[in-house]
Amino acid sequence: MADFMKVAKSKIDASAGELNTISQEIWSHPELNFNEHHAHEVLTDYLEKEGFNVERHFVLDTAFRATFGSDNAGPNICVICEYDALPEIGHACGHNLIAECGVAAGIGIKAALEASGNKYGKVTVLGTPGEEGGGGKKRLIKANAFVGIAVAMMAHPYRYNVPRPIALSMTVLVIKFQGKASHAAAAPWDGNNALDAAVTCYQSISNMRQQMKPACRVHGIFTNGGAAPNIIPEQAELTYYLRAVDENELAMLKKKVEACAEGAAIATECKVNVEVEAMHSKLLTNDVVATLYEKYATELGIEPKNGQQIKTLLATDFGDTSRAVPSISPMYSVENSTPLTLLEFKAAAGAPEAQAPTLIQAKALAMTAIELLQPSGQDTLKKIQKEFKETVSKLPMPDMGD
């Protein structure tokens with residue numbers, strides 16, 4: 001097994017220049033969710049060149065599935081690529097590095113499988129678009145893209161090395177107010193101001209924060225505020241992200257936000273409709289897989305930042321993946337001094353200093369996968385499945401309209 005791991009690490013090192021080019025191509029051409037056409041082409045072209053069987057436009061137009069090996073030979077280990085950017089500010093979440101890391105781990109695992117005579121299983125590199133508000137992984141799950149996957153893994157750049165990050169449950173609410181238009185100067189009394197309703201709702205939610213639990217997060221923007229200053233707004237709209245430690249806490253938080261919206265509608269004599277645009281589960285880090293990853297991460301010199309788990313109160317559609325298959329999503333430092341402002345993190349994600357830690361993460365993921373692919377890894381896979389089934393069975397998901 002040590003020889004196979006050496007092969008994987010050597011392949012990743014030998015491909016460092018090409019992997020950096022992939023990362024830079026994605027970083028330099030930021031694309032929003034489900035419009036990642038350039039990234040899709042760059043990633044699939046490279047994986048095809050490396051000998052993977054590539055299914056372009058897999059389920060979704062900018063998703064892909066690249067595989068190597070045989071299901072009959074052993075387990076199928078999946079590494080995830082993300083590659084969409086944030087509006088206006090580009091790759092401030094470092095998805096270019098997530099894509100690079102996923103591809104690097106994939107080619108490392110493939111090299112190990114080839115060295116074994118292709119007798120130990122299968123590797124899948126899955127391209128998942130639309131993480132930033134689009135829920136791409138959830139759509140892939142619904143299309144059975146994760147059926148047959150034994151373990152899924154990815155790594156996310158961050159300020160610290162956090163092998164077991166906390167990622168919150170999350171829902172996206174679109175709050176739409178319907179009023180009545182009238183001329184704001186000639187006959188304002190004939191109108192019902194939907195913008196006033198939205199402002200009242202926004203302020204009510206802000207006032208509610210004092211009574212929220214410490215890990216809860218509620219943040220929103222106005223997405224429609226009317227057509228012109230001299231017209232009483234007939235329609236107004238807010239979009240909110242709600243986050244909580246689990247689905248039950250999220251359901252309670254959602255109920256409170258809906259009450260704020262309903263109260264605002266009553267106060268302004270408007271109507272309101274609250275739509276659930278998306279919902280994502282909290283991240284369930286599989287302890288058995290994480291322990292294995294930590295062994296190899298430590299071997300490669302990665303030092304975790306103790307006590308920083310609570311700092312990672314983020315949310316991701318990879319949480320949905322972790323309910324479908326046993327999963328890990330460690331976070332890793334690209335630069336110890338990197339602040340958490342988005343624009344500065346964007347610069348760090350495109351900097352040369354991000355390359356070494358990204359490839360180290362890829363090696364750690366590949367080594368974890370290689371151990372699971374060995375015949376000796378069968379007992380470990382049984383433990384992984386046992387933990388996964390027990391964990392998921394204890395976490396019923398309430399109906400939140402998604």
# chains A, B, ... in the order shown; residues from 1 in each chain; ligands from 1

call {"tool": "residues_around", "arguments": {"residues": "Pro304 of chain A", "least_positions_apart": "5", "cutoff": "9 Å", "atoms": "only C-alpha atoms", "output": "JSON, numbers by chain"}}
result
{"A": [160, 161, 162, 163, 294, 298, 332]}

call {"tool": "select_by_dssp", "arguments": {"residues": "segment 234-397 of chain A", "states": "alpha helix (DSSP H)", "output": "JSON, numbers by chain"}}
result
{"A": [247, 248, 249, 250, 251, 252, 253, 254, 255, 256, 257, 258, 259, 260, 261, 262, 263, 264, 265, 266, 267, 268, 287, 288, 289, 290, 291, 292, 293, 294, 295, 296, 297, 298, 299, 318, 319, 320, 321, 322, 323, 324, 342, 343, 344, 345, 346, 347, 348, 349, 355, 356, 357, 358, 359, 360, 361, 362, 363, 364, 365, 366, 367, 368, 369, 370, 371, 372, 373, 378, 379, 380, 381, 382, 383, 384, 385, 386, 387, 388, 389, 390, 391, 392, 393]}

call {"tool": "residues_around", "arguments": {"residues": "Lys180 of chain A", "least_positions_apart": "6", "cutoff": "8 Å", "atoms": "only C-alpha atoms", "output": "count of residues only"}}
result
10

call {"tool": "atom_distance", "arguments": {"atom1": "atom CA of Pro129 of chain A", "atom2": "atom CA of Phe34 of chain A"}}
result
5.7 Å

call {"tool": "residues_around", "arguments": {"residues": "segment 240-253 of chain A", "least_positions_apart": "2", "cutoff": "8 Å", "atoms": "only C-alpha atoms", "output": "JSON, numbers by chain"}}
result
{"A": [167, 168, 169, 170, 171, 172, 173, 174, 175, 215, 216, 217, 218, 219, 220, 221, 238, 255, 256, 257, 281, 282, 315, 397, 398, 400]}

call {"tool": "write_last_selection", "arguments": {"atoms": "N, CA and C atoms", "output": "mmCIF file, in the first residue's frame"}}
result
data_model
loop_
_atom_site.group_PDB
_atom_site.id
_atom_site.type_symbol
_atom_site.label_atom_id
_atom_site.label_comp_id
_atom_site.auth_asym_id
_atom_site.auth_seq_id
_atom_site.Cartn_x
_atom_site.Cartn_y
_atom_site.Cartn_z
ATOM 1 N N ALA A 167 -20.416 22.822 9.398
ATOM 2 C CA ALA A 167 -21.171 23.508 8.348
ATOM 3 C C ALA A 167 -22.645 23.415 8.707
ATOM 4 N N LEU A 168 -23.302 24.544 8.769
ATOM 5 C CA LEU A 168 -24.659 24.636 9.294
ATOM 6 C C LEU A 168 -25.715 24.190 8.288
ATOM 7 N N SER A 169 -26.874 23.815 8.839
ATOM 8 C CA SER A 169 -28.057 23.662 7.994
ATOM 9 C C SER A 169 -28.458 25.043 7.477
ATOM 10 N N MET A 170 -28.996 25.083 6.289
ATOM 11 C CA MET A 170 -29.285 26.384 5.676
ATOM 12 C C MET A 170 -30.533 26.314 4.810
ATOM 13 N N THR A 171 -31.280 27.396 4.801
ATOM 14 C CA THR A 171 -32.379 27.534 3.849
ATOM 15 C C THR A 171 -32.356 28.937 3.255
ATOM 16 N N VAL A 172 -32.805 29.043 2.024
ATOM 17 C CA VAL A 172 -32.912 30.324 1.325
ATOM 18 C C VAL A 172 -34.393 30.674 1.211
ATOM 19 N N LEU A 173 -34.770 31.817 1.776
ATOM 20 C CA LEU A 173 -36.160 32.276 1.723
ATOM 21 C C LEU A 173 -36.280 33.490 0.811
ATOM 22 N N VAL A 174 -37.283 33.486 -0.027
ATOM 23 C CA VAL A 174 -37.629 34.652 -0.836
ATOM 24 C C VAL A 174 -38.973 35.161 -0.319
ATOM 25 N N ILE A 175 -38.964 36.375 0.213
ATOM 26 C CA ILE A 175 -40.156 36.966 0.828
ATOM 27 C C ILE A 175 -40.708 38.021 -0.120
ATOM 28 N N ALA A 215 -25.233 30.289 17.437
ATOM 29 C CA ALA A 215 -24.791 29.730 16.156
ATOM 30 C C ALA A 215 -25.743 30.038 15.002
ATOM 31 N N CYS A 216 -26.884 30.647 15.284
ATOM 32 C CA CYS A 216 -27.828 30.979 14.215
ATOM 33 C C CYS A 216 -27.339 32.173 13.408
ATOM 34 N N ARG A 217 -27.613 32.147 12.137
ATOM 35 C CA ARG A 217 -27.242 33.241 11.253
ATOM 36 C C ARG A 217 -28.422 33.574 10.345
ATOM 37 N N VAL A 218 -28.758 34.859 10.256
ATOM 38 C CA VAL A 218 -29.811 35.328 9.356
ATOM 39 C C VAL A 218 -29.282 36.565 8.644
ATOM 40 N N HIS A 219 -29.254 36.541 7.320
ATOM 41 C CA HIS A 219 -28.749 37.691 6.569
ATOM 42 C C HIS A 219 -29.492 37.791 5.244
ATOM 43 N N GLY A 220 -29.880 39.020 4.894
ATOM 44 C CA GLY A 220 -30.686 39.188 3.701
ATOM 45 C C GLY A 220 -30.425 40.482 2.967
ATOM 46 N N ILE A 221 -31.005 40.569 1.785
ATOM 47 C CA ILE A 221 -30.891 41.771 0.955
ATOM 48 C C ILE A 221 -32.255 42.082 0.346
ATOM 49 N N LEU A 238 -37.539 40.452 -0.653
ATOM 50 C CA LEU A 238 -36.326 40.226 0.129
ATOM 51 C C LEU A 238 -35.854 38.795 -0.109
ATOM 52 N N LYS A 255 -39.625 29.699 11.234
ATOM 53 C CA LYS A 255 -40.944 30.075 11.742
ATOM 54 C C LYS A 255 -40.937 31.502 12.277
ATOM 55 N N LYS A 256 -39.862 31.886 12.955
ATOM 56 C CA LYS A 256 -39.759 33.246 13.493
ATOM 57 C C LYS A 256 -39.646 34.284 12.378
ATOM 58 N N VAL A 257 -38.872 33.977 11.352
ATOM 59 C CA VAL A 257 -38.727 34.899 10.228
ATOM 60 C C VAL A 257 -40.052 35.045 9.490
ATOM 61 N N SER A 281 -28.641 20.596 4.130
ATOM 62 C CA SER A 281 -28.419 19.951 5.413
ATOM 63 C C SER A 281 -27.077 20.362 6.011
ATOM 64 N N LYS A 282 -26.955 20.178 7.308
ATOM 65 C CA LYS A 282 -25.663 20.397 7.953
ATOM 66 C C LYS A 282 -24.691 19.311 7.498
ATOM 67 N N ALA A 315 -22.124 27.258 5.421
ATOM 68 C CA ALA A 315 -23.112 26.295 4.943
ATOM 69 C C ALA A 315 -22.735 25.920 3.516
ATOM 70 N N MET A 397 -35.334 14.690 8.807
ATOM 71 C CA MET A 397 -35.412 16.044 8.259
ATOM 72 C C MET A 397 -36.857 16.523 8.229
ATOM 73 N N PRO A 398 -37.183 17.600 8.927
ATOM 74 C CA PRO A 398 -38.555 18.115 8.870
ATOM 75 C C PRO A 398 -38.870 18.664 7.495
ATOM 76 N N MET A 400 -39.643 21.317 5.096
ATOM 77 C CA MET A 400 -39.516 22.773 5.053
ATOM 78 C C MET A 400 -39.838 23.296 3.660
#

call {"tool": "select_by_dssp", "arguments": {"residues": "segment 307-375 of chain A", "states": "strand (DSSP E or B)", "output": "PyMOL selection string"}}
result
chain A and resi 314+327-328+331-333

call {"tool": "write_last_selection", "arguments": {"atoms": "N, CA and C atoms", "output": "PDB file, in the first residue's frame"}}
result
ATOM      1  N   LEU A 314     -20.221  28.034   8.401  1.00  0.00           N
ATOM      2  CA  LEU A 314     -20.592  28.234   7.012  1.00  0.00           C
ATOM      3  C   LEU A 314     -21.711  27.256   6.660  1.00  0.00           C
ATOM      4  N   SER A 327     -19.018  11.027   4.120  1.00  0.00           N
ATOM      5  CA  SER A 327     -18.279  12.139   3.518  1.00  0.00           C
ATOM      6  C   SER A 327     -17.338  12.810   4.497  1.00  0.00           C
ATOM      7  N   ILE A 328     -16.324  13.467   3.924  1.00  0.00           N
ATOM      8  CA  ILE A 328     -15.488  14.408   4.672  1.00  0.00           C
ATOM      9  C   ILE A 328     -15.231  15.620   3.786  1.00  0.00           C
ATOM     10  N   MET A 331     -11.098  21.523   5.838  1.00  0.00           N
ATOM     11  CA  MET A 331     -10.722  22.856   5.385  1.00  0.00           C
ATOM     12  C   MET A 331      -9.229  23.034   5.654  1.00  0.00           C
ATOM     13  N   TYR A 332      -8.559  23.756   4.773  1.00  0.00           N
ATOM     14  CA  TYR A 332      -7.104  23.868   4.904  1.00  0.00           C
ATOM     15  C   TYR A 332      -6.648  25.303   4.680  1.00  0.00           C
ATOM     16  N   SER A 333      -5.561  25.638   5.334  1.00  0.00           N
ATOM     17  CA  SER A 333      -5.026  26.990   5.261  1.00  0.00           C
ATOM     18  C   SER A 333      -4.223  27.182   3.988  1.00  0.00           C
TER      19      SER A 333
END

call {"tool": "closest_residue", "arguments": {"among": "A:Gly108, A:Gly135, A:Gly94, A:Pro330", "to": "Val7 of chain A", "atoms": "only C-alpha atoms"}}
result
A:Gly108

call {"tool": "residues_around", "arguments": {"residues": "His91 of chain A", "least_positions_apart": "4", "cutoff": "12 Å", "atoms": "only C-alpha atoms", "output": "ChimeraX atom specification"}}
result
/A:23-33,82-87,95-99,132,157,342-351

call {"tool": "write_last_selection", "arguments": {"atoms": "N, CA, C and O atoms", "output": "tab-separated table (two decimals), in the first residue's frame"}}
result
chain	number	residue	atom	x	y	z
A	23	SER	N	-6.11	25.72	-12.12
A	23	SER	CA	-6.57	26.63	-11.07
A	23	SER	C	-6.59	28.08	-11.55
A	23	SER	O	-7.55	28.82	-11.31
A	24	GLN	N	-5.53	28.49	-12.24
A	24	GLN	CA	-5.44	29.87	-12.70
A	24	GLN	C	-6.47	30.18	-13.79
A	24	GLN	O	-7.02	31.28	-13.85
A	25	GLU	N	-6.74	29.19	-14.65
A	25	GLU	CA	-7.75	29.38	-15.68
A	25	GLU	C	-9.13	29.63	-15.05
A	25	GLU	O	-9.88	30.50	-15.49
A	26	ILE	N	-9.44	28.86	-14.04
A	26	ILE	CA	-10.74	29.01	-13.37
A	26	ILE	C	-10.78	30.31	-12.58
A	26	ILE	O	-11.76	31.05	-12.62
A	27	TRP	N	-9.70	30.60	-11.86
A	27	TRP	CA	-9.64	31.82	-11.04
A	27	TRP	C	-9.73	33.08	-11.91
A	27	TRP	O	-10.38	34.07	-11.52
A	28	SER	N	-9.10	33.03	-13.08
A	28	SER	CA	-9.06	34.20	-13.97
A	28	SER	C	-10.34	34.38	-14.78
A	28	SER	O	-10.54	35.44	-15.39
A	29	HIS	N	-11.18	33.36	-14.81
A	29	HIS	CA	-12.43	33.43	-15.57
A	29	HIS	C	-13.59	33.05	-14.65
A	29	HIS	O	-14.20	31.98	-14.82
A	30	PRO	N	-13.91	33.87	-13.66
A	30	PRO	CA	-14.99	33.52	-12.73
A	30	PRO	C	-16.34	33.44	-13.43
A	30	PRO	O	-16.69	34.30	-14.23
A	31	GLU	N	-17.08	32.38	-13.11
A	31	GLU	CA	-18.39	32.15	-13.71
A	31	GLU	C	-19.40	31.82	-12.61
A	31	GLU	O	-19.09	31.08	-11.68
A	32	LEU	N	-20.61	32.36	-12.74
A	32	LEU	CA	-21.63	32.16	-11.72
A	32	LEU	C	-22.26	30.77	-11.84
A	32	LEU	O	-22.06	30.05	-12.82
A	33	ASN	N	-23.06	30.45	-10.81
A	33	ASN	CA	-23.61	29.09	-10.72
A	33	ASN	C	-24.40	28.69	-11.96
A	33	ASN	O	-25.19	29.44	-12.48
A	82	GLU	N	-15.61	21.72	-7.13
A	82	GLU	CA	-16.50	22.88	-7.24
A	82	GLU	C	-15.76	23.93	-8.04
A	82	GLU	O	-14.53	24.04	-7.96
A	83	TYR	N	-16.50	24.79	-8.78
A	83	TYR	CA	-15.80	25.74	-9.64
A	83	TYR	C	-16.62	26.97	-9.98
A	83	TYR	O	-16.25	27.75	-10.86
A	84	ASP	N	-17.74	27.20	-9.29
A	84	ASP	CA	-18.48	28.44	-9.54
A	84	ASP	C	-17.95	29.55	-8.64
A	84	ASP	O	-17.32	29.31	-7.61
A	85	ALA	N	-18.22	30.78	-9.04
A	85	ALA	CA	-17.71	31.96	-8.34
A	85	ALA	C	-18.85	32.75	-7.72
A	85	ALA	O	-20.03	32.48	-7.96
A	86	LEU	N	-18.48	33.73	-6.91
A	86	LEU	CA	-19.45	34.62	-6.30
A	86	LEU	C	-19.76	35.79	-7.22
A	86	LEU	O	-18.90	36.23	-7.99
A	87	PRO	N	-20.98	36.32	-7.16
A	87	PRO	CA	-21.30	37.50	-7.98
A	87	PRO	C	-20.39	38.67	-7.64
A	87	PRO	O	-20.10	38.93	-6.48
A	95	HIS	N	-12.99	28.40	-5.00
A	95	HIS	CA	-13.44	27.19	-5.68
A	95	HIS	C	-12.48	26.75	-6.78
A	95	HIS	O	-12.50	25.57	-7.17
A	96	ASN	N	-11.66	27.65	-7.27
A	96	ASN	CA	-10.62	27.24	-8.21
A	96	ASN	C	-9.68	26.23	-7.57
A	96	ASN	O	-9.22	25.27	-8.20
A	97	LEU	N	-9.41	26.42	-6.26
A	97	LEU	CA	-8.53	25.49	-5.54
A	97	LEU	C	-9.24	24.18	-5.21
A	97	LEU	O	-8.62	23.12	-5.21
A	98	ILE	N	-10.55	24.25	-4.93
A	98	ILE	CA	-11.31	23.03	-4.70
A	98	ILE	C	-11.28	22.16	-5.95
A	98	ILE	O	-11.10	20.94	-5.88
A	99	ALA	N	-11.46	22.79	-7.11
A	99	ALA	CA	-11.43	22.05	-8.38
A	99	ALA	C	-10.04	21.45	-8.60
A	99	ALA	O	-9.91	20.27	-8.98
A	132	GLU	N	-22.69	27.95	-5.00
A	132	GLU	CA	-22.99	29.27	-4.45
A	132	GLU	C	-24.46	29.63	-4.68
A	132	GLU	O	-24.82	30.34	-5.61
A	157	PRO	N	-10.42	25.48	0.82
A	157	PRO	CA	-9.45	26.43	1.39
A	157	PRO	C	-10.09	27.31	2.45
A	157	PRO	O	-11.28	27.63	2.39
A	342	LEU	N	-13.49	38.91	2.00
A	342	LEU	CA	-13.62	38.14	0.77
A	342	LEU	C	-12.63	38.55	-0.31
A	342	LEU	O	-12.06	37.70	-0.99
A	343	LEU	N	-12.42	39.83	-0.49
A	343	LEU	CA	-11.52	40.27	-1.56
A	343	LEU	C	-10.09	39.84	-1.30
A	343	LEU	O	-9.36	39.46	-2.23
A	344	GLU	N	-9.67	39.87	-0.05
A	344	GLU	CA	-8.31	39.43	0.27
A	344	GLU	C	-8.19	37.92	0.16
A	344	GLU	O	-7.14	37.40	-0.26
A	345	PHE	N	-9.24	37.20	0.49
A	345	PHE	CA	-9.18	35.74	0.32
A	345	PHE	C	-9.18	35.38	-1.16
A	345	PHE	O	-8.54	34.41	-1.57
A	346	LYS	N	-9.88	36.16	-1.96
A	346	LYS	CA	-9.84	35.94	-3.41
A	346	LYS	C	-8.40	36.04	-3.92
A	346	LYS	O	-7.95	35.19	-4.70
A	347	ALA	N	-7.69	37.06	-3.48
A	347	ALA	CA	-6.30	37.22	-3.90
A	347	ALA	C	-5.46	36.04	-3.44
A	347	ALA	O	-4.61	35.53	-4.19
A	348	ALA	N	-5.68	35.58	-2.21
A	348	ALA	CA	-4.92	34.45	-1.69
A	348	ALA	C	-5.21	33.17	-2.48
A	348	ALA	O	-4.30	32.36	-2.71
A	349	ALA	N	-6.46	33.00	-2.93
A	349	ALA	CA	-6.81	31.80	-3.68
A	349	ALA	C	-6.12	31.75	-5.04
A	349	ALA	O	-5.93	30.67	-5.61
A	350	GLY	N	-5.75	32.90	-5.57
A	350	GLY	CA	-5.07	32.94	-6.85
A	350	GLY	C	-3.57	33.10	-6.75
A	350	GLY	O	-2.89	33.14	-7.77
A	351	ALA	N	-3.05	33.16	-5.54
A	351	ALA	CA	-1.63	33.41	-5.32
A	351	ALA	C	-0.81	32.12	-5.43
A	351	ALA	O	-1.31	31.03	-5.14

call {"tool": "atom_distance", "arguments": {"atom1": "atom CA of Val325 of chain A", "atom2": "atom CA of Val123 of chain A"}}
result
14.8 Å

call {"tool": "closest_atom_pairs", "arguments": {"of": "segment 95-143 of chain A", "to": "segment 369-383 of chain A", "cutoff": "7 Å", "atoms": "only C-alpha atoms", "output": "CSV"}}
result
residue,atom,partner,partner_atom,distance
A:Ile109,CA,A:Ile370,CA,6.5
A:Tyr120,CA,A:Leu373,CA,5.7
A:Gly121,CA,A:Leu373,CA,6.0

call {"tool": "write_last_selection", "arguments": {"atoms": "N, CA, C and O atoms", "output": "CSV table (one decimal), in the first residue's frame"}}
result
chain,number,residue,atom,x,y,z
A,109,ILE,N,-5.1,9.0,-7.3
A,109,ILE,CA,-5.8,7.7,-7.1
A,109,ILE,C,-5.7,6.9,-8.3
A,109,ILE,O,-5.5,5.7,-8.3
A,120,TYR,N,-8.3,-2.9,-7.8
A,120,TYR,CA,-8.8,-2.6,-6.5
A,120,TYR,C,-10.0,-1.7,-6.4
A,120,TYR,O,-10.3,-1.2,-5.3
A,121,GLY,N,-10.6,-1.3,-7.5
A,121,GLY,CA,-11.8,-0.5,-7.4
A,121,GLY,C,-11.9,0.6,-8.4
A,121,GLY,O,-11.4,0.5,-9.5
